[in-house]
Amino acid sequence: MTTTTAATAVPLTDRSAYTRAVEQALAASAAYYGDGETALDDASYDALARGIAAYELAHPGHVRADSPTGKVGGGVAPVGEVAHTVAMLSLDNVFDAEGLVKWDASLARRIDHPVEGGYAVEPKLDGAALAARYRDGRLVQLVGRGNGTQGEDLSHAIGSIAGLPAEVPGGVTVEVRGEVLLTREQFERANEIRAAHGAKPFSNPRNGTAGTLRAKDRPYTIETTFFAYGAVELDGGGFLTGAGHEAVMDQVAALGVQTTSATEIGLRVYATLTEAQARVEEIQRLRPGLPFGIDGVVVKANAHAEQQAAGSGTRHPHWAVAYKLPPVEARTRLLAVEWNVGRTGHIAPRAVLEPVEVDGSTVTYATLHNPAFIRNTGLKVGDTVVLYKAGDIIPRVEAPMVALRTGEETDIVLPEACPGCGGDIDTSGERWECAGGASGGCGRLPSLRYAVGRDQLDIDGLGVTYLEALVEAGLVDDVADLFFLTREQLAEATGSDKRADSLLDRLAKAKEQPLNRVFCALGVVRTGRTLSREIARHFGTMDAIRAATPDELTEVNKLPGANAPKIAAHIAALGPVIDKLVEAGVNMTEPGTGDADGTGSKPLAGEAVVVTGGMHGPLAGRNRNEMNELIERAGGTASGSVSKKTTILVAGEGAGSKLAKAEQLGTRVLTEDEFAALVAEYLS
Ligand code: IVH
């Protein structure tokens with residue numbers, strides 16, 4: 001199957017395929033401008049629109065009045081209520097070096113000489129365009145792009161967008177323009193929050209951003225991120241004195257509004273087009289590791305005088321162009337659906353796909369989220385589907401291409417019994433669960449594997465084969481049983497006395513693990529490593545955790561309130577396992593909490609620490625979870641992203657965008673060695 005590129009058009013062979021294509025395009029546009037959550041991705045929408053246009057050219061008599069061809073936003077873009085000060089234009093596209101050279105030649109013709117003021121090169125951020133109006137230093141209004149002349153008022157989103165401060169210094173009046181997006185981290189977090197509220201997951205960050213910007217009365221808040229890529233005068237404020245794009249963006253950054261220079265692919269200006277082309281290629285190489293999605297690179301004539309001389313058409317400026325990168329979406333076929341049971345008994349559907357290349361890797365499987373997703377999209381086996389994958393995001397199936405159905409497609413059969421143990425399924429929620437839960441037959445092995453994993457009890461050498469043997473021999477039912485195994489039993493399961501001795505050694509060490517790891521090993525629903533650390537630190541002892549009411553659990557940092565009752569119920573159900581762990585002598589306290597060794601005297605007390613890059617020297621070999629544990633043992637709080645709240649950034653080898661952002665914010669940056677020296681007494 002082909003990756004969707006700008007050149008592809010969905011082939012529409014007859015009038016009924018054309019009708020279905022128009023209906024799908026209209027529904028996709030309406031959904032995008034509605035809640036932003038069910039639309040086709042950009043590339044597939046374009047391919048569909050091109051297929052419709054090609055069919056209409058060949059069959060002018062069949063053209064439907066509601067056809068999206070030639071209409072802004074497919075004819076359903078909201079007519080915004082706010083007039084734009086200066087039109088919010090779109091960008092013309094090129095797809096290769098040759099296209100860029102042609103754009104440059106036409107620009108030189110328009111301005112009567114080759115570009116002299118340099119080429120500004122910056123990422124084309126994949127989100128939603130936004131104009132942020134500051135009057136007298138206060139953020140007073142947010143306006144969406146709408147049809148370019150009139151935009152929708154999105155001011156209700158003020159306060160939920162990182163990078164757009166509520167106030168800027170100097171009582172400035174100016175309109176900053178840029179892109180709002182969900183970073184990969186925000187996207188994952190947004191879907192966790194939505195799952196906790198029983199809402200459908202966003203299929204990709206772009207649709208999630210569009211939906212989030214428009215949502216007015218959600219019972220929860222989803223944080224997005226803003227990057228400025230331009231500014232225009234507001235009320236004749238006279239603030240923008242820079243003679244070119246770079247200078248204006250420096251003025252914007254000086255206000256504390258985030259620009260792309262907070263990232264490793266931020267704005268740079270080059271004297272020649274060859275250098276600009278090299279930077280495009282560099283940005284393309286860096287793309288998979290970026291913390292947010294980009295769909296291209298924008299090249300702009302930097303000097304205002306040259307921008308003015310070039311001028312703009314009705315839709316695009318002549319002085320800027322988008323160099324589109326291969327899409328992170330592809331079309332492929334859904335061959336089958338598999339159902340798997342996770343460690344907590346969660347039964348999840350997985351798409352088996354015709355292998356397809358996306359974003360540098362071959363994708364064969366993708367998540368289908370839950371049965372409700374299958375019902376809502378009307379997905380069938382045999383459908384051509386849109387697939388989305390960017391960086392390390394789990395590949396997701398978006399929508400079926402209904403217009404391409406042949407009639408051979410078949411309904412997806414939902415399981416009637418748990419695919420793991422054959423028992424009942426609890427279908428009361430959006431997520432289906434094995435009625436036996438984690439302790440049921442199907443969840444037992446995955447939960448044991450999880451419990452002995454490196455970030456939990458770290459019992460190296462106890463692989464799945466030995467665990468299976470121990471379970472089959474009837475010796476192990478849950479994690480606590482591991483601690484009662486005898487040397488003979490271990491030797492029998494592993495076929496070696498030596499292995500048995502080494503495992504006994506690891507089990508003895510595992511008894512000393514801090515509470516956060518012991519708690520994590522229990523595999524409590526809706527908790528993982530981060531939340532287990534937060535819970536252990538908050539309560540200090542297993543007894544306190546067991547005694548906590550759902551209300552008390554919601555006081556734990558990062559614990560979504562809606563999850564608290566489920567977590568409390570699961571902890572209660574795990575009572576007998578916890579009792580057995582206590583009996584085995586497993587540690588039930590979190591070091592450094594609730595005693596004289598309080599956080600106040602620790603080296604990282606009051607510090608909010610972010611780690612980036614690879615760790616070497618005294619910190620070598622520690623993964624992020626272990627670094628976060630270290631930070632928390634030393635009295636600090638650990639976080640994954642740099643914000644104004646961050647007080648220390650530990651920059652390891654290859655540190656990129658987080659380091660740039662910390663520098664922009666003036667955050668204290670420590671090398672690995674400096675950090676290791678600071679927390680030396682906690683290193684062992
Ligand atoms: S400049 C008059 N710069 O791409 C100049 N746009 O396809 C118009 N976009 O609507 C925009 N990153 O929402 C510009 N670095 C960047 C951009 C960027 C993303 C979006 C923007 C625009 C769309 C055009």
# chains A, B, ... in the order shown; residues from 1 in each chain; ligands from 1
>>> select_by_dssp(residues="range 30-242 of chain A", states="helix (DSSP H, G or I)", output="JSON, numbers by chain")
{"A": [30, 31, 32, 33, 42, 43, 44, 45, 46, 47, 48, 49, 50, 51, 52, 53, 54, 55, 56, 57, 58, 60, 61, 62, 72, 73, 74, 75, 97, 98, 99, 100, 101, 102, 103, 104, 105, 106, 107, 108, 109, 110, 111, 155, 156, 157, 169, 170, 171, 184, 185, 186, 187, 188, 189, 190, 191, 192, 193, 194, 195, 196, 205, 206, 207, 208, 209, 210, 211, 212, 213, 214]}
>>> residues_around(residues="range 665-677 of chain A", least_positions_apart="3", cutoff="8 Å", atoms="only C-alpha atoms", output="ChimeraX atom specification")
/A:615-619,644,646-652,659,661-662,680,683
>>> write_last_selection(atoms="N, CA and C atoms", output="PDB file, in the first residue's frame")
ATOM      1  N   MET A 615      22.902   9.561  30.039  1.00  0.00           N
ATOM      2  CA  MET A 615      23.657   9.683  31.293  1.00  0.00           C
ATOM      3  C   MET A 615      24.959   8.883  31.224  1.00  0.00           C
ATOM      4  N   HIS A 616      26.037   9.489  31.703  1.00  0.00           N
ATOM      5  CA  HIS A 616      27.354   8.843  31.705  1.00  0.00           C
ATOM      6  C   HIS A 616      27.992   9.021  33.077  1.00  0.00           C
ATOM      7  N   GLY A 617      29.263   8.633  33.167  1.00  0.00           N
ATOM      8  CA  GLY A 617      30.003   8.819  34.419  1.00  0.00           C
ATOM      9  C   GLY A 617      29.284   8.147  35.571  1.00  0.00           C
ATOM     10  N   PRO A 618      29.196   8.834  36.705  1.00  0.00           N
ATOM     11  CA  PRO A 618      28.601   8.190  37.889  1.00  0.00           C
ATOM     12  C   PRO A 618      27.112   7.866  37.711  1.00  0.00           C
ATOM     13  N   LEU A 619      26.481   8.453  36.700  1.00  0.00           N
ATOM     14  CA  LEU A 619      25.045   8.198  36.503  1.00  0.00           C
ATOM     15  C   LEU A 619      24.803   7.195  35.381  1.00  0.00           C
ATOM     16  N   LYS A 644       8.219  26.867  33.276  1.00  0.00           N
ATOM     17  CA  LYS A 644       8.692  27.937  34.164  1.00  0.00           C
ATOM     18  C   LYS A 644       8.928  27.424  35.577  1.00  0.00           C
ATOM     19  N   THR A 646      10.296  24.609  36.352  1.00  0.00           N
ATOM     20  CA  THR A 646      11.526  23.819  36.449  1.00  0.00           C
ATOM     21  C   THR A 646      12.631  24.677  37.071  1.00  0.00           C
ATOM     22  N   THR A 647      13.348  24.093  38.073  1.00  0.00           N
ATOM     23  CA  THR A 647      14.423  24.867  38.683  1.00  0.00           C
ATOM     24  C   THR A 647      15.798  24.336  38.302  1.00  0.00           C
ATOM     25  N   ILE A 648      15.870  23.020  37.931  1.00  0.00           N
ATOM     26  CA  ILE A 648      17.156  22.463  37.507  1.00  0.00           C
ATOM     27  C   ILE A 648      16.947  21.592  36.274  1.00  0.00           C
ATOM     28  N   LEU A 649      17.798  21.782  35.271  1.00  0.00           N
ATOM     29  CA  LEU A 649      17.814  20.853  34.143  1.00  0.00           C
ATOM     30  C   LEU A 649      19.146  20.125  34.176  1.00  0.00           C
ATOM     31  N   VAL A 650      19.086  18.778  34.217  1.00  0.00           N
ATOM     32  CA  VAL A 650      20.316  17.999  34.142  1.00  0.00           C
ATOM     33  C   VAL A 650      20.509  17.642  32.673  1.00  0.00           C
ATOM     34  N   ALA A 651      21.557  18.181  32.059  1.00  0.00           N
ATOM     35  CA  ALA A 651      21.740  18.012  30.617  1.00  0.00           C
ATOM     36  C   ALA A 651      22.816  16.980  30.341  1.00  0.00           C
ATOM     37  N   GLY A 652      22.405  15.812  29.839  1.00  0.00           N
ATOM     38  CA  GLY A 652      23.356  14.755  29.473  1.00  0.00           C
ATOM     39  C   GLY A 652      23.764  14.899  28.020  1.00  0.00           C
ATOM     40  N   LEU A 659      17.165  21.525  26.588  1.00  0.00           N
ATOM     41  CA  LEU A 659      18.269  22.401  26.990  1.00  0.00           C
ATOM     42  C   LEU A 659      18.037  23.810  26.422  1.00  0.00           C
ATOM     43  N   LYS A 661      15.262  25.182  25.670  1.00  0.00           N
ATOM     44  CA  LYS A 661      14.150  25.838  26.368  1.00  0.00           C
ATOM     45  C   LYS A 661      14.600  26.328  27.744  1.00  0.00           C
ATOM     46  N   ALA A 662      15.379  25.481  28.442  1.00  0.00           N
ATOM     47  CA  ALA A 662      15.858  25.876  29.770  1.00  0.00           C
ATOM     48  C   ALA A 662      16.707  27.139  29.660  1.00  0.00           C
ATOM     49  N   ALA A 680      25.390  13.054  45.669  1.00  0.00           N
ATOM     50  CA  ALA A 680      26.347  11.952  45.877  1.00  0.00           C
ATOM     51  C   ALA A 680      25.891  10.955  46.944  1.00  0.00           C
ATOM     52  N   LEU A 683      23.458   8.194  45.778  1.00  0.00           N
ATOM     53  CA  LEU A 683      23.752   7.465  44.534  1.00  0.00           C
ATOM     54  C   LEU A 683      23.730   5.946  44.687  1.00  0.00           C
TER      55      LEU A 683
END
>>> closest_atom_pairs(of="chain A", to="ligand 1", cutoff="9 Å", atoms="only C-alpha atoms and all ligand atoms", output="tab-separated table")
residue	atom	partner	partner_atom_place_in_ligand_line	distance
A:Ala87	CA	ligand 1	2 (C)	8.2
A:Met88	CA	ligand 1	2 (C)	6.4
A:Leu89	CA	ligand 1	2 (C)	4.9
A:Ser90	CA	ligand 1	24 (C)	3.9
A:Leu91	CA	ligand 1	24 (C)	4.3
A:Asp92	CA	ligand 1	7 (O)	7.0
A:Asn93	CA	ligand 1	7 (O)	7.9
A:Val121	CA	ligand 1	15 (N)	8.1
A:Glu122	CA	ligand 1	15 (N)	5.5
A:Pro123	CA	ligand 1	15 (N)	5.2
A:Lys124	CA	ligand 1	12 (N)	3.4
A:Leu125	CA	ligand 1	12 (N)	4.1
A:Asp126	CA	ligand 1	19 (C)	6.0
A:Gly127	CA	ligand 1	13 (O)	7.0
A:Ala128	CA	ligand 1	13 (O)	5.6
A:Ala129	CA	ligand 1	13 (O)	3.8
A:Leu130	CA	ligand 1	13 (O)	7.2
A:Arg145	CA	ligand 1	10 (O)	7.1
A:Gly148	CA	ligand 1	10 (O)	8.5
A:Arg177	CA	ligand 1	11 (C)	8.4
A:Gly178	CA	ligand 1	13 (O)	6.6
A:Glu179	CA	ligand 1	13 (O)	5.6
A:Val180	CA	ligand 1	13 (O)	8.5
A:Phe227	CA	ligand 1	12 (N)	8.5
A:Ala228	CA	ligand 1	15 (N)	7.8
A:Tyr229	CA	ligand 1	15 (N)	4.9
A:Gly230	CA	ligand 1	1 (S)	6.8
A:Thr260	CA	ligand 1	15 (N)	8.1
A:Leu267	CA	ligand 1	15 (N)	8.4
A:Ile294	CA	ligand 1	12 (N)	7.9
A:Asp295	CA	ligand 1	19 (C)	8.2
A:Gly296	CA	ligand 1	12 (N)	8.0
A:Val297	CA	ligand 1	15 (N)	7.2
A:Val298	CA	ligand 1	15 (N)	5.4
A:Val299	CA	ligand 1	15 (N)	8.2
A:Lys300	CA	ligand 1	1 (S)	8.1
A:Ser312	CA	ligand 1	2 (C)	8.2
A:His316	CA	ligand 1	2 (C)	6.6
A:Pro317	CA	ligand 1	2 (C)	5.5
A:His318	CA	ligand 1	2 (C)	8.8
A:Trp319	CA	ligand 1	2 (C)	8.4
A:Ala320	CA	ligand 1	5 (C)	6.8
A:Val321	CA	ligand 1	1 (S)	8.2
A:Ala322	CA	ligand 1	7 (O)	7.0
>>> residues_around(residues="Val143 in chain A", least_positions_apart="4", cutoff="10 Å", atoms="only C-alpha atoms", output="list of chain:residue names")
A:Gly80, A:Glu81, A:Val82, A:Ala83, A:His84, A:Ala129, A:Leu130, A:Ala131, A:Ala132, A:Arg133, A:Gln150, A:Gly151, A:Glu152, A:Asp153, A:Leu154, A:Ser155, A:Arg177
>>> closest_residue(among="A:Asp217, A:Glu223, A:Glu398, A:Asp112", to="Leu164 in chain A", atoms="only C-alpha atoms")
A:Glu223
>>> atom_distance(atom1="CA of Val257 in chain A", atom2="CA of Gly236 in chain A")
20.2 Å
>>> residues_around(residues="Leu503 in chain A", least_positions_apart="5", cutoff="12 Å", atoms="only C-alpha atoms", output="PyMOL selection string")
chain A and resi 452+458-463+466-467+482-483+485-491+493-494+496-498+508-510
>>> closest_residue(among="A:Ile571, A:Val10, A:Val556, A:Cys421", to="Glu433 in chain A", atoms="only C-alpha atoms")
A:Cys421
>>> closest_residue(among="A:Glu357, A:Glu246, A:Glu408, A:Glu663", to="Leu387 in chain A", atoms="only C-alpha atoms")
A:Glu357
>>> atom_distance(atom1="CA of Tyr119 in chain A", atom2="CA of Val328 in chain A")
26.3 Å
>>> select_by_dssp(residues="range 300-415 of chain A", states="strand (DSSP E)", output="ChimeraX atom specification")
/A:300-301,320-324,329-341,346-358,361-367,380-381,384-388,396-400,410-411
>>> residues_around(residues="Gly242 in chain A", least_positions_apart="6", cutoff="9 Å", atoms="only C-alpha atoms", output="PyMOL selection string")
chain A and resi 248-251+304
>>> write_last_selection(atoms="C-alpha atoms", output="short mmCIF file (atom, residue, chain, number, x, y, z; two decimals), in the first residue's frame")
data_model
loop_
_atom_site.label_atom_id
_atom_site.label_comp_id
_atom_site.auth_asym_id
_atom_site.auth_seq_id
_atom_site.Cartn_x
_atom_site.Cartn_y
_atom_site.Cartn_z
CA VAL A 248 10.57 40.40 15.02
CA MET A 249 10.71 36.90 16.47
CA ASP A 250 13.45 38.07 18.86
CA GLN A 251 11.11 40.88 19.97
CA HIS A 304 10.76 42.99 5.47
#
>>> decode(residues="range 652-663 of chain A", atoms="N, CA and C atoms", output="CSV table (one decimal), in the first residue's frame")
chain,number,residue,atom,x,y,z
A,652,GLY,N,22.4,15.8,29.8
A,652,GLY,CA,23.4,14.8,29.5
A,652,GLY,C,23.8,14.9,28.0
A,653,GLU,N,24.4,13.8,27.5
A,653,GLU,CA,24.9,13.9,26.2
A,653,GLU,C,23.7,14.0,25.1
A,654,GLY,N,23.9,14.8,24.1
A,654,GLY,CA,22.9,14.9,23.1
A,654,GLY,C,21.7,15.7,23.5
A,655,ALA,N,21.8,16.5,24.6
A,655,ALA,CA,20.6,17.3,25.1
A,655,ALA,C,20.2,18.2,24.0
A,656,GLY,N,18.9,18.4,23.7
A,656,GLY,CA,18.5,19.2,22.5
A,656,GLY,C,17.5,20.2,22.9
A,657,SER,N,16.2,20.0,22.6
A,657,SER,CA,15.2,21.0,22.7
A,657,SER,C,15.0,21.4,24.2
A,658,LYS,N,15.1,20.5,25.1
A,658,LYS,CA,14.9,20.8,26.5
A,658,LYS,C,15.9,21.8,27.0
A,659,LEU,N,17.2,21.5,26.6
A,659,LEU,CA,18.3,22.4,27.0
A,659,LEU,C,18.0,23.8,26.4
A,660,ALA,N,17.6,23.8,25.1
A,660,ALA,CA,17.4,25.2,24.5
A,660,ALA,C,16.3,25.9,25.3
A,661,LYS,N,15.3,25.2,25.7
A,661,LYS,CA,14.2,25.8,26.4
A,661,LYS,C,14.6,26.3,27.7
A,662,ALA,N,15.4,25.5,28.4
A,662,ALA,CA,15.9,25.9,29.8
A,662,ALA,C,16.7,27.1,29.7
A,663,GLU,N,17.5,27.2,28.6
A,663,GLU,CA,18.4,28.4,28.4
A,663,GLU,C,17.5,29.6,28.2
